[in-house]
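Q: Take this structure first; my questions come after.
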Amino acid sequence: MQTEALPIVNRFQLTEDPDTPFPQGVPWVRYQGTYKDLNISLIWPGKDPTLGVDSVGTISSALVTYAAIQALQPDLIINAGTAGGFKAKGASIGDVFIVSDCAFHDRRIPIPVFDLYGVGLRKAFVAPNLVKELNLKVGKLSTGDSLDMTQQDESSIIANDATVKDMEGAAIAYVSDLLKVPAIFVKAVTDIIDGDKPTAEEFLQNLAAVTTALDLAVEQVINFINGKCESEL
Ligand code: ADE
């Protein structure tokens, strides 16, 4: 979302690329800049051309990840965003998690092997030294295209052993695996799914404050990555 992207754009003094590498007419935006020894591109899927709201969800994120990898050939992807968290699994508002595994919870295909395809479990690039050095929490992520959670979603999320729930991660993990670009997932908790507040209300209430925590964590992650090769992360 724009609210998640802009603090990071400002922190790294990135500027919008006037020669967008993306097809004409798509809302996807690339901000770019250099920071220390790194070339950073921040890709924001932009606003839905018809409805004018942020293009959240798996379709936009998979498309934009594919297009960005094709155009920019990155060494590493960082998917930074907000997520719902489960207090039963140790999540609190404002916590920042590094994701160890990504899976879907709303792609139910009850046919042998297709069931596993639907879940789409993929390991994230966990970067053990980064997790240790920055003292970040690690948890599994479950992704679906809804902010709320049906009972069937809940059963799948429990089966996925997820601590955090978002609307993009597993789709980005799919593309990163397909094109063999390592991806680190940084997720900041805006709402407690197994709490007593309505999700949409709690999410909107905490969004601005939690994006500050996210932005600080992304800065720490980028500072740690700077000057290191993949095997040192
Ligand atoms: N992003 C932030 N909170 C979320 C939730 N509860 N579900 C999915 N995506 C989210």
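Simple scheme: letters A, B, ... for chains in structure tokens order, numbers from 1 for residues in each chain, numbers from 1 for ligands in the order shown.
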If you take only C-alpha atoms and all ligand atoms and a cut-off of 6 Å, which residues of chain A touch ligand 1, and what are their nearest atom pairs and distances in Å to one decimal, in chain and number order, as a Markdown table?
A:
| residue | atom | partner | partner_atom_place_in_ligand_line | distance |
| --- | --- | --- | --- | --- |
| A:Thr82 | CA | ligand 1 | 2 (C) | 4.7 |
| A:Ala83 | CA | ligand 1 | 2 (C) | 3.5 |
| A:Gly84 | CA | ligand 1 | 6 (N) | 3.6 |
| A:Leu147 | CA | ligand 1 | 7 (N) | 4.1 |
| A:Lys165 | CA | ligand 1 | 7 (N) | 5.1 |
| A:Asp166 | CA | ligand 1 | 9 (N) | 3.4 |
| A:Met167 | CA | ligand 1 | 9 (N) | 4.7 |
| A:Thr190 | CA | ligand 1 | 3 (N) | 5.5 |
| A:Asp191 | CA | ligand 1 | 3 (N) | 5.6 |
| A:Ile193 | CA | ligand 1 | 6 (N) | 5.9 |
| A:Thr199 | CA | ligand 1 | 6 (N) | 5.9 |
| A:Phe203 | CA | ligand 1 | 3 (N) | 5.7 |
Q: May I have the residues within 12 Å of A:Asp37 as a JSON list (two decimals) with N, CA and C atoms, in the first residue's frame, using only C-alpha atoms and disregarding those fewer than 6 positions away in the same chain?
A:
[["chain", "number", "residue", "atom", "x", "y", "z"],
["A", 222, "ILE", "N", 18.32, -3.41, 5.53],
["A", 222, "ILE", "CA", 19.12, -2.92, 4.41],
["A", 222, "ILE", "C", 20.54, -2.58, 4.87],
["A", 223, "ASN", "N", 20.65, -1.99, 6.06],
["A", 223, "ASN", "CA", 21.99, -1.70, 6.58],
["A", 223, "ASN", "C", 22.77, -2.99, 6.80],
["A", 224, "PHE", "N", 22.07, -4.04, 7.25],
["A", 224, "PHE", "CA", 22.76, -5.32, 7.47],
["A", 224, "PHE", "C", 23.20, -5.94, 6.15],
["A", 225, "ILE", "N", 22.33, -5.84, 5.14],
["A", 225, "ILE", "CA", 22.62, -6.46, 3.84],
["A", 225, "ILE", "C", 23.77, -5.76, 3.13],
["A", 226, "ASN", "N", 23.85, -4.45, 3.31],
["A", 226, "ASN", "CA", 24.85, -3.66, 2.58],
["A", 226, "ASN", "C", 26.26, -4.24, 2.77],
["A", 227, "GLY", "N", 26.94, -4.46, 1.65],
["A", 227, "GLY", "CA", 28.33, -4.93, 1.69],
["A", 227, "GLY", "C", 28.47, -6.43, 1.90],
["A", 228, "LYS", "N", 27.34, -7.16, 1.99],
["A", 228, "LYS", "CA", 27.44, -8.61, 2.23],
["A", 228, "LYS", "C", 27.00, -9.38, 1.00],
["A", 229, "CYS", "N", 27.51, -10.61, 0.86],
["A", 229, "CYS", "CA", 26.99, -11.49, -0.19],
["A", 229, "CYS", "C", 25.93, -12.40, 0.44]]
Q: I need the alpha helix (DSSP H) residues of stretch 1-110 of chain A per DSSP on the backbone, written as number ranges by chain.
A: A: 2-11, 58-72
Q: For stretch 174-178 of chain A, list every protein, DNA or RNA residue within 10 Å, evaluated using only C-alpha atoms, and leave out those in the same chain fewer than 5 positions away; present the list as a PDB file with N, CA and C atoms, in the first residue's frame.
A:
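The file below, out_29.pdb, is the result:
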ATOM      1  N   SER A  61       0.422  -8.383  -6.912  1.00  0.00           N
ATOM      2  CA  SER A  61       1.784  -8.567  -6.393  1.00  0.00           C
ATOM      3  C   SER A  61       2.565  -9.572  -7.239  1.00  0.00           C
ATOM      4  N   ALA A  62       1.895 -10.621  -7.723  1.00  0.00           N
ATOM      5  CA  ALA A  62       2.604 -11.588  -8.580  1.00  0.00           C
ATOM      6  C   ALA A  62       2.989 -10.948  -9.913  1.00  0.00           C
ATOM      7  N   LEU A  63       2.060 -10.191 -10.492  1.00  0.00           N
ATOM      8  CA  LEU A  63       2.345  -9.545 -11.788  1.00  0.00           C
ATOM      9  C   LEU A  63       3.505  -8.569 -11.673  1.00  0.00           C
ATOM     10  N   VAL A  64       3.455  -7.733 -10.655  1.00  0.00           N
ATOM     11  CA  VAL A  64       4.471  -6.690 -10.523  1.00  0.00           C
ATOM     12  C   VAL A  64       5.828  -7.308 -10.151  1.00  0.00           C
ATOM     13  N   THR A  65       5.809  -8.377  -9.384  1.00  0.00           N
ATOM     14  CA  THR A  65       7.078  -9.045  -9.040  1.00  0.00           C
ATOM     15  C   THR A  65       7.700  -9.640 -10.294  1.00  0.00           C
ATOM     16  N   TYR A  66       6.880 -10.282 -11.113  1.00  0.00           N
ATOM     17  CA  TYR A  66       7.379 -10.864 -12.366  1.00  0.00           C
ATOM     18  C   TYR A  66       7.959  -9.771 -13.266  1.00  0.00           C
ATOM     19  N   ILE A  69      11.235  -8.283 -11.840  1.00  0.00           N
ATOM     20  CA  ILE A  69      12.398  -9.183 -11.989  1.00  0.00           C
ATOM     21  C   ILE A  69      12.869  -9.179 -13.440  1.00  0.00           C
ATOM     22  N   LEU A  76      18.194  -9.592  -4.988  1.00  0.00           N
ATOM     23  CA  LEU A  76      17.403  -9.948  -3.797  1.00  0.00           C
ATOM     24  C   LEU A  76      16.091  -9.166  -3.826  1.00  0.00           C
ATOM     25  N   ILE A  77      15.026  -9.841  -3.392  1.00  0.00           N
ATOM     26  CA  ILE A  77      13.734  -9.158  -3.217  1.00  0.00           C
ATOM     27  C   ILE A  77      13.481  -9.038  -1.713  1.00  0.00           C
ATOM     28  N   CYS A 102       6.162 -19.526   3.421  1.00  0.00           N
ATOM     29  CA  CYS A 102       4.944 -18.883   2.913  1.00  0.00           C
ATOM     30  C   CYS A 102       4.025 -19.963   2.353  1.00  0.00           C
ATOM     31  N   ALA A 103       2.719 -19.809   2.584  1.00  0.00           N
ATOM     32  CA  ALA A 103       1.748 -20.738   1.989  1.00  0.00           C
ATOM     33  C   ALA A 103       0.426 -19.995   1.814  1.00  0.00           C
ATOM     34  N   GLY A 120       0.689 -24.358  -1.875  1.00  0.00           N
ATOM     35  CA  GLY A 120       1.834 -23.646  -2.469  1.00  0.00           C
ATOM     36  C   GLY A 120       2.920 -23.282  -1.475  1.00  0.00           C
ATOM     37  N   LEU A 121       3.236 -24.200  -0.579  1.00  0.00           N
ATOM     38  CA  LEU A 121       4.246 -23.921   0.456  1.00  0.00           C
ATOM     39  C   LEU A 121       5.622 -23.652  -0.153  1.00  0.00           C
ATOM     40  N   ARG A 122       6.222 -22.556   0.247  1.00  0.00           N
ATOM     41  CA  ARG A 122       7.595 -22.248  -0.194  1.00  0.00           C
ATOM     42  C   ARG A 122       8.395 -21.689   0.962  1.00  0.00           C
ATOM     43  N   LYS A 123       9.666 -22.105   1.016  1.00  0.00           N
ATOM     44  CA  LYS A 123      10.579 -21.579   2.043  1.00  0.00           C
ATOM     45  C   LYS A 123      11.000 -20.181   1.620  1.00  0.00           C
ATOM     46  N   ALA A 124      11.025 -19.282   2.571  1.00  0.00           N
ATOM     47  CA  ALA A 124      11.581 -17.953   2.299  1.00  0.00           C
ATOM     48  C   ALA A 124      13.087 -18.014   2.536  1.00  0.00           C
ATOM     49  N   GLY A 169       2.299 -12.282   0.322  1.00  0.00           N
ATOM     50  CA  GLY A 169       3.577 -12.988   0.483  1.00  0.00           C
ATOM     51  C   GLY A 169       3.731 -14.265  -0.333  1.00  0.00           C
ATOM     52  N   ALA A 183      14.091 -14.201  -1.792  1.00  0.00           N
ATOM     53  CA  ALA A 183      13.183 -13.180  -1.261  1.00  0.00           C
ATOM     54  C   ALA A 183      13.135 -13.266   0.265  1.00  0.00           C
ATOM     55  N   ILE A 184      13.277 -12.089   0.885  1.00  0.00           N
ATOM     56  CA  ILE A 184      13.127 -11.956   2.334  1.00  0.00           C
ATOM     57  C   ILE A 184      11.798 -11.247   2.587  1.00  0.00           C
TER      58      ILE A 184
END
Q: What is the distance, in Å and to one decimal place, between atom CA of A:Ala80 and atom CA of A:Gly25?
A: 24.9 Å
Q: I'd like the contact shell of A:Val9 - 8 Å cut-off, only C-alpha atoms, skipping same-chain residues fewer than 4 positions apart - returned as a list in words.
A: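 The residues that qualify are Ala5, Gln13, Leu14, Thr15, Tyr31 and Leu42 of chain A.
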Q: Grab the residues selected above and save them as a PDB file, in the first residue's frame with C-alpha atoms.
A:
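Just written: result_1.pdb:
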ATOM      1  CA  ALA A   5       5.731   2.409   0.703  1.00  0.00           C
ATOM      2  CA  GLN A  13      15.470   9.364  -0.529  1.00  0.00           C
ATOM      3  CA  LEU A  14      14.249   7.356  -3.499  1.00  0.00           C
ATOM      4  CA  THR A  15      12.731   9.113  -6.498  1.00  0.00           C
ATOM      5  CA  TYR A  31      11.059   4.410  -6.980  1.00  0.00           C
ATOM      6  CA  LEU A  42      10.987   0.073  -4.440  1.00  0.00           C
TER       7      LEU A  42
END
Q: Might you pull out every residue within 10 Å of A:Ile157, with only C-alpha atoms counted and same-chain residues fewer than 5 positions away left off, and present them as a PyMOL selection string?
A: chain A and resi 103-106+119+140-144+149+151-152+162-165
Q: Store the residues of this selection in a file with N, CA and C atoms, as a PDB file, in the first residue's frame.
A:
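Generated output (again_8.pdb):
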ATOM      1  N   ALA A 103       2.719 -19.809   2.584  1.00  0.00           N
ATOM      2  CA  ALA A 103       1.748 -20.738   1.989  1.00  0.00           C
ATOM      3  C   ALA A 103       0.426 -19.995   1.814  1.00  0.00           C
ATOM      4  N   PHE A 104      -0.443 -20.545   0.961  1.00  0.00           N
ATOM      5  CA  PHE A 104      -1.778 -19.962   0.754  1.00  0.00           C
ATOM      6  C   PHE A 104      -2.804 -20.654   1.654  1.00  0.00           C
ATOM      7  N   HIS A 105      -3.826 -19.890   2.069  1.00  0.00           N
ATOM      8  CA  HIS A 105      -4.891 -20.538   2.856  1.00  0.00           C
ATOM      9  C   HIS A 105      -6.251 -20.512   2.156  1.00  0.00           C
ATOM     10  N   ASP A 106      -6.315 -19.939   0.949  1.00  0.00           N
ATOM     11  CA  ASP A 106      -7.636 -19.866   0.300  1.00  0.00           C
ATOM     12  C   ASP A 106      -7.628 -20.501  -1.085  1.00  0.00           C
ATOM     13  N   VAL A 119      -1.944 -25.145  -1.668  1.00  0.00           N
ATOM     14  CA  VAL A 119      -1.284 -24.589  -0.471  1.00  0.00           C
ATOM     15  C   VAL A 119       0.003 -23.851  -0.878  1.00  0.00           C
ATOM     16  N   LYS A 140       5.912 -18.224  10.438  1.00  0.00           N
ATOM     17  CA  LYS A 140       5.385 -18.647   9.137  1.00  0.00           C
ATOM     18  C   LYS A 140       4.250 -17.718   8.716  1.00  0.00           C
ATOM     19  N   LEU A 141       4.137 -17.527   7.406  1.00  0.00           N
ATOM     20  CA  LEU A 141       3.157 -16.600   6.833  1.00  0.00           C
ATOM     21  C   LEU A 141       2.118 -17.377   6.036  1.00  0.00           C
ATOM     22  N   SER A 142       0.857 -16.989   6.200  1.00  0.00           N
ATOM     23  CA  SER A 142      -0.207 -17.560   5.371  1.00  0.00           C
ATOM     24  C   SER A 142      -0.859 -16.419   4.587  1.00  0.00           C
ATOM     25  N   THR A 143      -1.062 -16.648   3.291  1.00  0.00           N
ATOM     26  CA  THR A 143      -1.534 -15.597   2.386  1.00  0.00           C
ATOM     27  C   THR A 143      -2.884 -15.970   1.792  1.00  0.00           C
ATOM     28  N   GLY A 144      -3.747 -14.966   1.688  1.00  0.00           N
ATOM     29  CA  GLY A 144      -5.028 -15.154   1.002  1.00  0.00           C
ATOM     30  C   GLY A 144      -5.483 -13.817   0.461  1.00  0.00           C
ATOM     31  N   MET A 149     -11.364 -13.406   7.629  1.00  0.00           N
ATOM     32  CA  MET A 149     -10.980 -14.822   7.688  1.00  0.00           C
ATOM     33  C   MET A 149     -12.228 -15.676   7.892  1.00  0.00           C
ATOM     34  N   GLN A 151     -14.130 -19.469   8.401  1.00  0.00           N
ATOM     35  CA  GLN A 151     -13.734 -20.623   9.227  1.00  0.00           C
ATOM     36  C   GLN A 151     -12.837 -21.580   8.455  1.00  0.00           C
ATOM     37  N   GLN A 152     -13.122 -21.695   7.138  1.00  0.00           N
ATOM     38  CA  GLN A 152     -12.273 -22.577   6.312  1.00  0.00           C
ATOM     39  C   GLN A 152     -10.857 -22.007   6.190  1.00  0.00           C
ATOM     40  N   ALA A 162       0.710 -20.857  10.759  1.00  0.00           N
ATOM     41  CA  ALA A 162       1.118 -19.461  10.532  1.00  0.00           C
ATOM     42  C   ALA A 162       1.025 -18.612  11.792  1.00  0.00           C
ATOM     43  N   THR A 163       1.968 -17.689  11.909  1.00  0.00           N
ATOM     44  CA  THR A 163       1.945 -16.665  12.955  1.00  0.00           C
ATOM     45  C   THR A 163       1.418 -15.361  12.385  1.00  0.00           C
ATOM     46  N   VAL A 164       1.661 -15.139  11.081  1.00  0.00           N
ATOM     47  CA  VAL A 164       1.208 -13.910  10.432  1.00  0.00           C
ATOM     48  C   VAL A 164       0.425 -14.240   9.161  1.00  0.00           C
ATOM     49  N   LYS A 165      -0.496 -13.333   8.827  1.00  0.00           N
ATOM     50  CA  LYS A 165      -1.405 -13.529   7.679  1.00  0.00           C
ATOM     51  C   LYS A 165      -1.388 -12.244   6.841  1.00  0.00           C
TER      52      LYS A 165
END
Q: What parts of stretch 2-172 of chain A does DSSP call strand (DSSP E)? I'd like the answer as a PyMOL selection string.
A: chain A and resi 15-16+29-35+38-44+77-85+96-104+122-123+137-143+164-166
